[in-house]
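The data block below is structure37.pdb; it holds PDB, C-alpha atoms and all ligand atoms.
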```pdb
ATOM      1  CA  MET A   1     108.432 134.388  77.592  1.00  0.00           C
ATOM      2  CA  GLU A   2     109.179 131.594  80.070  1.00  0.00           C
ATOM      3  CA  THR A   3     107.557 128.282  79.154  1.00  0.00           C
ATOM      4  CA  ARG A   4     107.091 125.486  81.700  1.00  0.00           C
ATOM      5  CA  ARG A   5     106.297 122.055  80.301  1.00  0.00           C
ATOM      6  CA  CYS A   6     105.610 118.806  82.133  1.00  0.00           C
ATOM      7  CA  LYS A   7     106.267 115.552  80.338  1.00  0.00           C
ATOM      8  CA  LEU A   8     106.139 111.858  80.966  1.00  0.00           C
ATOM      9  CA  VAL A   9     109.724 110.681  80.522  1.00  0.00           C
ATOM     10  CA  ASP A  10     110.165 108.369  77.535  1.00  0.00           C
ATOM     11  CA  ASN A  11     113.880 108.576  76.749  1.00  0.00           C
ATOM     12  CA  ASP A  12     117.264 108.157  78.446  1.00  0.00           C
ATOM     13  CA  ALA A  13     118.237 111.845  78.264  1.00  0.00           C
ATOM     14  CA  ASP A  14     115.109 112.980  80.102  1.00  0.00           C
ATOM     15  CA  PHE A  15     115.493 110.191  82.668  1.00  0.00           C
ATOM     16  CA  GLN A  16     119.062 111.372  83.268  1.00  0.00           C
ATOM     17  CA  ALA A  17     117.760 114.937  83.745  1.00  0.00           C
ATOM     18  CA  CYS A  18     115.400 113.606  86.462  1.00  0.00           C
ATOM     19  CA  VAL A  19     118.258 111.736  88.145  1.00  0.00           C
ATOM     20  CA  ASP A  20     120.485 114.843  88.037  1.00  0.00           C
ATOM     21  CA  ILE A  21     117.800 116.903  89.831  1.00  0.00           C
ATOM     22  CA  ARG A  22     117.326 114.180  92.459  1.00  0.00           C
ATOM     23  CA  LEU A  23     121.073 113.868  93.075  1.00  0.00           C
ATOM     24  CA  LYS A  24     121.322 117.636  93.612  1.00  0.00           C
ATOM     25  CA  VAL A  25     118.243 117.913  95.834  1.00  0.00           C
ATOM     26  CA  PHE A  26     118.132 114.689  97.825  1.00  0.00           C
ATOM     27  CA  VAL A  27     121.762 113.506  97.864  1.00  0.00           C
ATOM     28  CA  GLU A  28     123.711 116.802  97.922  1.00  0.00           C
ATOM     29  CA  GLU A  29     121.211 119.072  99.700  1.00  0.00           C
ATOM     30  CA  GLN A  30     119.454 116.607 102.024  1.00  0.00           C
ATOM     31  CA  ALA A  31     122.276 114.045 102.483  1.00  0.00           C
ATOM     32  CA  VAL A  32     120.212 111.010 101.467  1.00  0.00           C
ATOM     33  CA  PRO A  33     122.654 108.167 100.603  1.00  0.00           C
ATOM     34  CA  GLU A  34     122.878 107.782  96.819  1.00  0.00           C
ATOM     35  CA  ASP A  35     122.204 104.035  96.968  1.00  0.00           C
ATOM     36  CA  MET A  36     118.917 104.770  98.769  1.00  0.00           C
ATOM     37  CA  GLU A  37     117.963 107.561  96.416  1.00  0.00           C
ATOM     38  CA  LEU A  38     118.372 105.489  93.262  1.00  0.00           C
ATOM     39  CA  ASP A  39     116.561 102.237  93.944  1.00  0.00           C
ATOM     40  CA  GLU A  40     115.092  99.118  92.399  1.00  0.00           C
ATOM     41  CA  PHE A  41     111.862 100.927  91.493  1.00  0.00           C
ATOM     42  CA  GLU A  42     113.372 103.198  88.823  1.00  0.00           C
ATOM     43  CA  THR A  43     112.424 100.862  85.972  1.00  0.00           C
ATOM     44  CA  VAL A  44     108.849 100.162  87.130  1.00  0.00           C
ATOM     45  CA  SER A  45     108.103 103.835  87.903  1.00  0.00           C
ATOM     46  CA  LYS A  46     106.738 106.482  85.575  1.00  0.00           C
ATOM     47  CA  HIS A  47     109.017 109.522  85.730  1.00  0.00           C
ATOM     48  CA  PHE A  48     107.952 113.111  85.076  1.00  0.00           C
ATOM     49  CA  LEU A  49     110.064 116.135  84.214  1.00  0.00           C
ATOM     50  CA  VAL A  50     109.119 119.809  84.169  1.00  0.00           C
ATOM     51  CA  THR A  51     111.320 121.942  81.960  1.00  0.00           C
ATOM     52  CA  LEU A  52     111.723 125.692  81.950  1.00  0.00           C
ATOM     53  CA  ASN A  53     112.812 126.918  78.535  1.00  0.00           C
ATOM     54  CA  GLY A  54     114.026 123.378  77.828  1.00  0.00           C
ATOM     55  CA  LYS A  55     116.017 122.844  81.057  1.00  0.00           C
ATOM     56  CA  GLY A  56     114.855 120.207  83.561  1.00  0.00           C
ATOM     57  CA  ILE A  57     114.089 121.841  86.927  1.00  0.00           C
ATOM     58  CA  THR A  58     111.440 119.700  88.650  1.00  0.00           C
ATOM     59  CA  THR A  59     110.871 115.953  88.769  1.00  0.00           C
ATOM     60  CA  GLY A  60     108.810 113.220  90.390  1.00  0.00           C
ATOM     61  CA  ARG A  61     107.861 109.606  89.849  1.00  0.00           C
ATOM     62  CA  LEU A  62     104.881 107.380  90.559  1.00  0.00           C
ATOM     63  CA  ARG A  63     104.148 103.668  90.605  1.00  0.00           C
ATOM     64  CA  PRO A  64     101.309 101.326  91.577  1.00  0.00           C
ATOM     65  CA  TYR A  65     101.811  99.919  95.063  1.00  0.00           C
ATOM     66  CA  GLY A  66      99.083  97.449  96.106  1.00  0.00           C
ATOM     67  CA  SER A  67      95.840  99.419  96.394  1.00  0.00           C
ATOM     68  CA  PHE A  68      97.773 102.673  96.043  1.00  0.00           C
ATOM     69  CA  VAL A  69      99.493 104.757  93.418  1.00  0.00           C
ATOM     70  CA  LYS A  70     102.552 106.057  95.220  1.00  0.00           C
ATOM     71  CA  PHE A  71     104.012 109.488  94.410  1.00  0.00           C
ATOM     72  CA  GLU A  72     107.748 109.706  95.119  1.00  0.00           C
ATOM     73  CA  ARG A  73     110.941 111.752  94.659  1.00  0.00           C
ATOM     74  CA  ILE A  74     109.194 115.113  94.158  1.00  0.00           C
ATOM     75  CA  ALA A  75     111.876 117.788  93.814  1.00  0.00           C
ATOM     76  CA  THR A  76     112.517 121.243  92.362  1.00  0.00           C
ATOM     77  CA  LEU A  77     116.071 122.572  92.029  1.00  0.00           C
ATOM     78  CA  LEU A  78     116.816 124.913  94.946  1.00  0.00           C
ATOM     79  CA  GLU A  79     117.234 128.015  92.800  1.00  0.00           C
ATOM     80  CA  GLU A  80     113.907 127.414  91.001  1.00  0.00           C
ATOM     81  CA  ARG A  81     111.649 126.914  94.025  1.00  0.00           C
ATOM     82  CA  GLY A  82     108.620 129.055  94.785  1.00  0.00           C
ATOM     83  CA  LYS A  83     107.812 129.772  91.137  1.00  0.00           C
ATOM     84  CA  GLY A  84     104.896 127.362  90.726  1.00  0.00           C
ATOM     85  CA  THR A  85     106.773 124.517  89.052  1.00  0.00           C
ATOM     86  CA  GLY A  86     106.110 121.984  91.821  1.00  0.00           C
ATOM     87  CA  ARG A  87     102.406 122.642  91.368  1.00  0.00           C
ATOM     88  CA  VAL A  88     102.683 122.122  87.596  1.00  0.00           C
ATOM     89  CA  LEU A  89     104.414 118.784  88.230  1.00  0.00           C
ATOM     90  CA  MET A  90     101.885 117.565  90.806  1.00  0.00           C
ATOM     91  CA  GLU A  91      98.893 118.468  88.616  1.00  0.00           C
ATOM     92  CA  CYS A  92     100.478 116.686  85.670  1.00  0.00           C
ATOM     93  CA  MET A  93     101.242 113.573  87.771  1.00  0.00           C
ATOM     94  CA  MET A  94      97.739 113.565  89.285  1.00  0.00           C
ATOM     95  CA  ASP A  95      96.188 113.812  85.840  1.00  0.00           C
ATOM     96  CA  TYR A  96      98.255 110.788  84.742  1.00  0.00           C
ATOM     97  CA  ALA A  97      97.405 108.833  87.907  1.00  0.00           C
ATOM     98  CA  GLU A  98      93.672 109.483  87.525  1.00  0.00           C
ATOM     99  CA  ARG A  99      93.698 108.308  83.926  1.00  0.00           C
ATOM    100  CA  HIS A 100      95.919 105.235  84.359  1.00  0.00           C
ATOM    101  CA  TYR A 101      95.193 104.135  87.936  1.00  0.00           C
ATOM    102  CA  PRO A 102      91.623 105.358  88.541  1.00  0.00           C
ATOM    103  CA  ASN A 103      90.969 102.812  91.292  1.00  0.00           C
ATOM    104  CA  HIS A 104      94.268 103.217  93.156  1.00  0.00           C
ATOM    105  CA  LEU A 105      94.356 105.740  96.009  1.00  0.00           C
ATOM    106  CA  PRO A 106      97.101 108.389  95.536  1.00  0.00           C
ATOM    107  CA  MET A 107      99.488 108.125  98.488  1.00  0.00           C
ATOM    108  CA  MET A 108     102.948 109.345  99.459  1.00  0.00           C
ATOM    109  CA  HIS A 109     105.482 109.500 102.244  1.00  0.00           C
ATOM    110  CA  ALA A 110     105.852 113.276 102.579  1.00  0.00           C
ATOM    111  CA  GLN A 111     108.658 115.131 104.302  1.00  0.00           C
ATOM    112  CA  ILE A 112     107.049 117.245 107.002  1.00  0.00           C
ATOM    113  CA  SER A 113     108.831 120.337 105.671  1.00  0.00           C
ATOM    114  CA  ALA A 114     106.773 119.962 102.473  1.00  0.00           C
ATOM    115  CA  LEU A 115     103.428 119.328 104.217  1.00  0.00           C
ATOM    116  CA  GLY A 116     102.053 122.802 103.428  1.00  0.00           C
ATOM    117  CA  PHE A 117     102.948 122.390  99.745  1.00  0.00           C
ATOM    118  CA  TYR A 118     100.981 119.154  99.465  1.00  0.00           C
ATOM    119  CA  GLU A 119      98.060 120.416 101.561  1.00  0.00           C
ATOM    120  CA  LYS A 120      97.626 123.308  99.120  1.00  0.00           C
ATOM    121  CA  LEU A 121      97.223 120.678  96.410  1.00  0.00           C
ATOM    122  CA  GLY A 122      94.498 118.788  98.298  1.00  0.00           C
ATOM    123  CA  TRP A 123      96.603 116.102 100.005  1.00  0.00           C
ATOM    124  CA  MET A 124      95.766 115.114 103.565  1.00  0.00           C
ATOM    125  CA  PRO A 125      98.112 113.782 106.278  1.00  0.00           C
ATOM    126  CA  VAL A 126      97.195 110.487 107.948  1.00  0.00           C
ATOM    127  CA  GLY A 127      98.725 108.796 111.013  1.00  0.00           C
ATOM    128  CA  ASP A 128     101.923 109.453 112.917  1.00  0.00           C
ATOM    129  CA  GLU A 129     105.308 110.812 111.889  1.00  0.00           C
ATOM    130  CA  PHE A 130     108.080 108.310 111.049  1.00  0.00           C
ATOM    131  CA  ASP A 131     111.716 108.358 109.969  1.00  0.00           C
ATOM    132  CA  GLU A 132     112.835 107.551 106.421  1.00  0.00           C
ATOM    133  CA  ALA A 133     116.446 108.146 105.296  1.00  0.00           C
ATOM    134  CA  GLY A 134     116.994 110.204 108.471  1.00  0.00           C
ATOM    135  CA  ILE A 135     114.161 112.627 107.552  1.00  0.00           C
ATOM    136  CA  THR A 136     110.795 112.933 109.340  1.00  0.00           C
ATOM    137  CA  HIS A 137     107.875 111.908 107.124  1.00  0.00           C
ATOM    138  CA  LEU A 138     104.093 111.523 107.233  1.00  0.00           C
ATOM    139  CA  VAL A 139     101.799 109.420 105.069  1.00  0.00           C
ATOM    140  CA  MET A 140      99.582 111.631 102.912  1.00  0.00           C
ATOM    141  CA  ILE A 141      96.657 110.633 100.709  1.00  0.00           C
ATOM    142  CA  HIS A 142      94.669 112.437  98.034  1.00  0.00           C
ATOM    143  CA  VAL A 143      91.004 111.528  98.422  1.00  0.00           C
ATOM    144  CA  PRO A 144      89.167 111.518  95.068  1.00  0.00           C
ATOM    145  CA  GLU A 145      86.520 114.217  94.709  1.00  0.00           C
ATOM    146  CA  SER A 146      83.862 111.991  93.174  1.00  0.00           C
ATOM    147  CA  GLU A 147      81.861 109.639  95.367  1.00  0.00           C
ATOM    148  CA  ALA A 148      81.826 107.028  92.588  1.00  0.00           C
ATOM    149  CA  ARG A 149      85.627 107.040  92.517  1.00  0.00           C
ATOM    150  CA  ILE A 150      85.814 106.550  96.263  1.00  0.00           C
ATOM    151  CA  GLN A 151      83.369 103.613  96.003  1.00  0.00           C
ATOM    152  CA  ASN A 152      85.507 101.966  93.307  1.00  0.00           C
ATOM    153  CA  LEU A 153      88.832 102.171  95.144  1.00  0.00           C
ATOM    154  CA  LEU A 154      90.755  98.892  95.438  1.00  0.00           C
ATOM    155  CA  ILE A 155      91.240  99.678  99.130  1.00  0.00           C
ATOM    156  CA  TRP A 156      87.781  98.258  99.940  1.00  0.00           C
ATOM    157  CA  LYS A 157      88.723  94.872  98.448  1.00  0.00           C
ATOM    158  CA  GLY A 158      92.276  94.644  99.798  1.00  0.00           C
ATOM    159  CA  THR A 159      93.932  94.402 103.182  1.00  0.00           C
ATOM    160  CA  ASP A 160      97.008  96.559 102.645  1.00  0.00           C
ATOM    161  CA  ALA A 161      95.682  99.909 103.914  1.00  0.00           C
ATOM    162  CA  ASP A 162      96.415 101.169 107.419  1.00  0.00           C
ATOM    163  CA  PRO A 163      93.274 101.539 109.588  1.00  0.00           C
ATOM    164  CA  GLU A 164      93.788 105.338 109.697  1.00  0.00           C
ATOM    165  CA  ILE A 165      93.587 105.498 105.903  1.00  0.00           C
ATOM    166  CA  VAL A 166      90.444 103.358 105.797  1.00  0.00           C
ATOM    167  CA  GLU A 167      88.892 105.520 108.518  1.00  0.00           C
ATOM    168  CA  ALA A 168      89.756 108.756 106.696  1.00  0.00           C
ATOM    169  CA  LEU A 169      88.115 107.402 103.549  1.00  0.00           C
ATOM    170  CA  LYS A 170      85.038 106.102 105.350  1.00  0.00           C
ATOM    171  CA  GLN A 171      84.349 109.610 106.569  1.00  0.00           C
ATOM    172  CA  ARG A 172      84.187 110.695 102.925  1.00  0.00           C
ATOM    173  CA  ARG A 173      82.276 107.633 101.710  1.00  0.00           C
ATOM    174  CA  PRO A 174      78.586 108.063 100.903  1.00  0.00           C
TER     175      PRO A 174
HETATM  176  C1  LIG B   1     108.506 120.796  98.044  1.00  0.00           C
HETATM  177  C2  LIG B   1     108.969 121.305  96.693  1.00  0.00           C
HETATM  178  C3  LIG B   1     108.950 120.173  95.668  1.00  0.00           C
HETATM  179  C4  LIG B   1     108.010 122.433  96.219  1.00  0.00           C
HETATM  180  O1  LIG B   1     108.364 122.794  94.894  1.00  0.00           O
HETATM  181  P1  LIG B   1     108.193 124.296  94.332  1.00  0.00           P
HETATM  182  O2  LIG B   1     108.508 124.244  92.885  1.00  0.00           O
HETATM  183  O3  LIG B   1     108.955 125.248  95.166  1.00  0.00           O
HETATM  184  O4  LIG B   1     106.632 124.518  94.604  1.00  0.00           O
HETATM  185  P2  LIG B   1     105.676 125.654  93.991  1.00  0.00           P
HETATM  186  O5  LIG B   1     106.463 126.899  93.745  1.00  0.00           O
HETATM  187  O6  LIG B   1     104.926 125.098  92.833  1.00  0.00           O
HETATM  188  O7  LIG B   1     104.666 125.903  95.201  1.00  0.00           O
HETATM  189  C5  LIG B   1     103.250 125.749  95.077  1.00  0.00           C
HETATM  190  C6  LIG B   1     102.614 126.376  96.310  1.00  0.00           C
HETATM  191  O8  LIG B   1     103.060 125.688  97.483  1.00  0.00           O
HETATM  192  C7  LIG B   1     103.736 126.600  98.369  1.00  0.00           C
HETATM  193  N1  LIG B   1     104.883 125.882  98.938  1.00  0.00           N
HETATM  194  C8  LIG B   1     105.981 125.471  98.296  1.00  0.00           C
HETATM  195  N2  LIG B   1     106.791 124.807  99.141  1.00  0.00           N
HETATM  196  C9  LIG B   1     106.184 124.846 100.363  1.00  0.00           C
HETATM  197  C10 LIG B   1     106.521 124.338 101.645  1.00  0.00           C
HETATM  198  N3  LIG B   1     107.657 123.656 101.849  1.00  0.00           N
HETATM  199  N4  LIG B   1     105.643 124.538 102.678  1.00  0.00           N
HETATM  200  C11 LIG B   1     104.499 125.221 102.482  1.00  0.00           C
HETATM  201  N5  LIG B   1     104.118 125.716 101.251  1.00  0.00           N
HETATM  202  C12 LIG B   1     104.963 125.535 100.228  1.00  0.00           C
HETATM  203  C13 LIG B   1     104.160 127.758  97.499  1.00  0.00           C
HETATM  204  O9  LIG B   1     104.288 128.937  98.256  1.00  0.00           O
HETATM  205  C14 LIG B   1     103.007 127.836  96.495  1.00  0.00           C
HETATM  206  O10 LIG B   1     101.909 128.471  97.108  1.00  0.00           O
HETATM  207  P3  LIG B   1     100.898 129.415  96.245  1.00  0.00           P
HETATM  208  O11 LIG B   1     100.327 128.538  95.150  1.00  0.00           O
HETATM  209  O12 LIG B   1      99.883 129.849  97.245  1.00  0.00           O
HETATM  210  O13 LIG B   1     101.741 130.508  95.697  1.00  0.00           O
HETATM  211  C15 LIG B   1     110.395 121.948  96.789  1.00  0.00           C
HETATM  212  O14 LIG B   1     110.406 122.846  97.880  1.00  0.00           O
HETATM  213  C16 LIG B   1     111.510 120.943  96.974  1.00  0.00           C
HETATM  214  O15 LIG B   1     112.010 120.388  96.011  1.00  0.00           O
HETATM  215  N6  LIG B   1     111.955 120.729  98.223  1.00  0.00           N
HETATM  216  C17 LIG B   1     113.092 119.847  98.490  1.00  0.00           C
HETATM  217  C18 LIG B   1     112.781 118.416  98.187  1.00  0.00           C
HETATM  218  C19 LIG B   1     111.665 117.920  99.031  1.00  0.00           C
HETATM  219  O16 LIG B   1     111.666 118.061 100.243  1.00  0.00           O
HETATM  220  N7  LIG B   1     110.692 117.279  98.360  1.00  0.00           N
HETATM  221  C20 LIG B   1     109.543 116.748  99.035  1.00  0.00           C
HETATM  222  C21 LIG B   1     109.763 115.298  99.255  1.00  0.00           C
HETATM  223  S1  LIG B   1     108.357 114.577 100.060  1.00  0.00           S
END
```

Please express what this file holds, its structure, as structure tokens.
Amino acid sequence: METRRCKLVDNDADFQACVDIRLKVFVEEQAVPEDMELDEFETVSKHFLVTLNGKGITTGRLRPYGSFVKFERIATLLEERGKGTGRVLMECMMDYAERHYPNHLPMMHAQISALGFYEKLGWMPVGDEFDEAGITHLVMIHVPESEARIQNLLIWKGTDADPEIVEALKQRRP
């Protein structure tokens, strides 16, 4: 039986497995320059790896970013897509984010080709399209379900959120 497992990376071998997936997907497949793909945030980020029968096939990372917790570098190997592993990863990362950064708003710069994937997982696009590494992106946020969590977001105390994000949240605020 196939077993998919998501783990928080805590050793060099698993980090290298994440990097290998990202090099295949973003650098080889999408032509993102390698020095942009691997950046100064690797050490401050929490990395996640989904394995299928022990082999790394999906990865992503997250890090606090002002009032936000930013999800980045979400990728499944080409030959493994469409089998539910991206969903396993995102649920695992969201669970971690909610436990460790309960007052940070989940946010990402999403490639528009992946918009439908994130929307299925409850993410919502905000604002206009923009270019990043030659690829069209949109900001997406994941609004917490609970009203208490929305009330406690750092966004209300800070000044680093775009007006569109504040407006989107206000519509959900009690
Ligand atoms: C986007 C990506 C991570 C999705 O990973 P995946 O492992 O194929 O996703 P899953 O199989 O778990 O898909 C979960 C659901 O989203 C849907 N989905 C997957 N990719 C989608 C897409 N690009 N657009 C719309 N829906 C999509 C699936 O059909 C599935 O729907 P279901 O639950 O109704 O069956 C993968 O396509 C990928 O690595 N793409 C290249 C890298 C990339 O662009 N990453 C995004 C950077 S922002």

Skipping near chain neighbours, those fewer than 2 positions away, what residues fall within 12 Å of Gly56 in chain A using all atoms listed in the file, listed as a PyMOL selection string? chain A and resi 3-7+9+13-22+48-54+58-60+75-77+80+85+89

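Selection by the PyMOL selection byres (((chain A and resi 139-155) around 6) and not hetatm) on the present file picks out Ser67, Asn103, His104, Pro106, Met107, Met108, His109, Trp123, Met124, Pro125, Val126, Leu138, Trp156, Lys157 and Gly158 of chain A.
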
task = Kindly work out which residues sit at most 6 Å from ligand LIG 1 (chain B), using all atoms listed in the file, and give the list as a PyMOL selection string.
result = chain A and resi 25+73-76+81-87+110-111+113-117

Once you count all atoms listed in the file, which residues end up no further than 12 Å from (105.4, 101.3, 96.4) in the file's frame, shown as an MDAnalysis selection string? chainID A and resid 39:42 44:45 61:73 104:109 160

Worksheet entry | Matched chain/residue IDs from the PyMOL selection byres (((chain A and resi 34) around 12) and not hetatm), as an MDAnalysis selection string | chainID A and resid 19:20 22:33 35:39 133

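Taking CA of Tyr118 in chain A and CA of Asp95 in chain A as the two end points, the separation is 15.4 Å.
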
Let me have the centre and edge lengths of the axis-aligned box enclosing all listed atoms of range 136-143 of chain A with 4 Å padding on every side, in Å to one decimal, as AutoDock Vina command-line options.
```
--center_x 100.9 --center_y 111.2 --center_z 103.7 --size_x 27.8 --size_y 11.5 --size_z 19.3
```

note - CA of Leu78 in chain A and CA of Cys92 in chain A are separated by 20.5 Å

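Distance-wise, CA of Ala97 in chain A and CA of Lys46 in chain A end up 9.9 Å apart.
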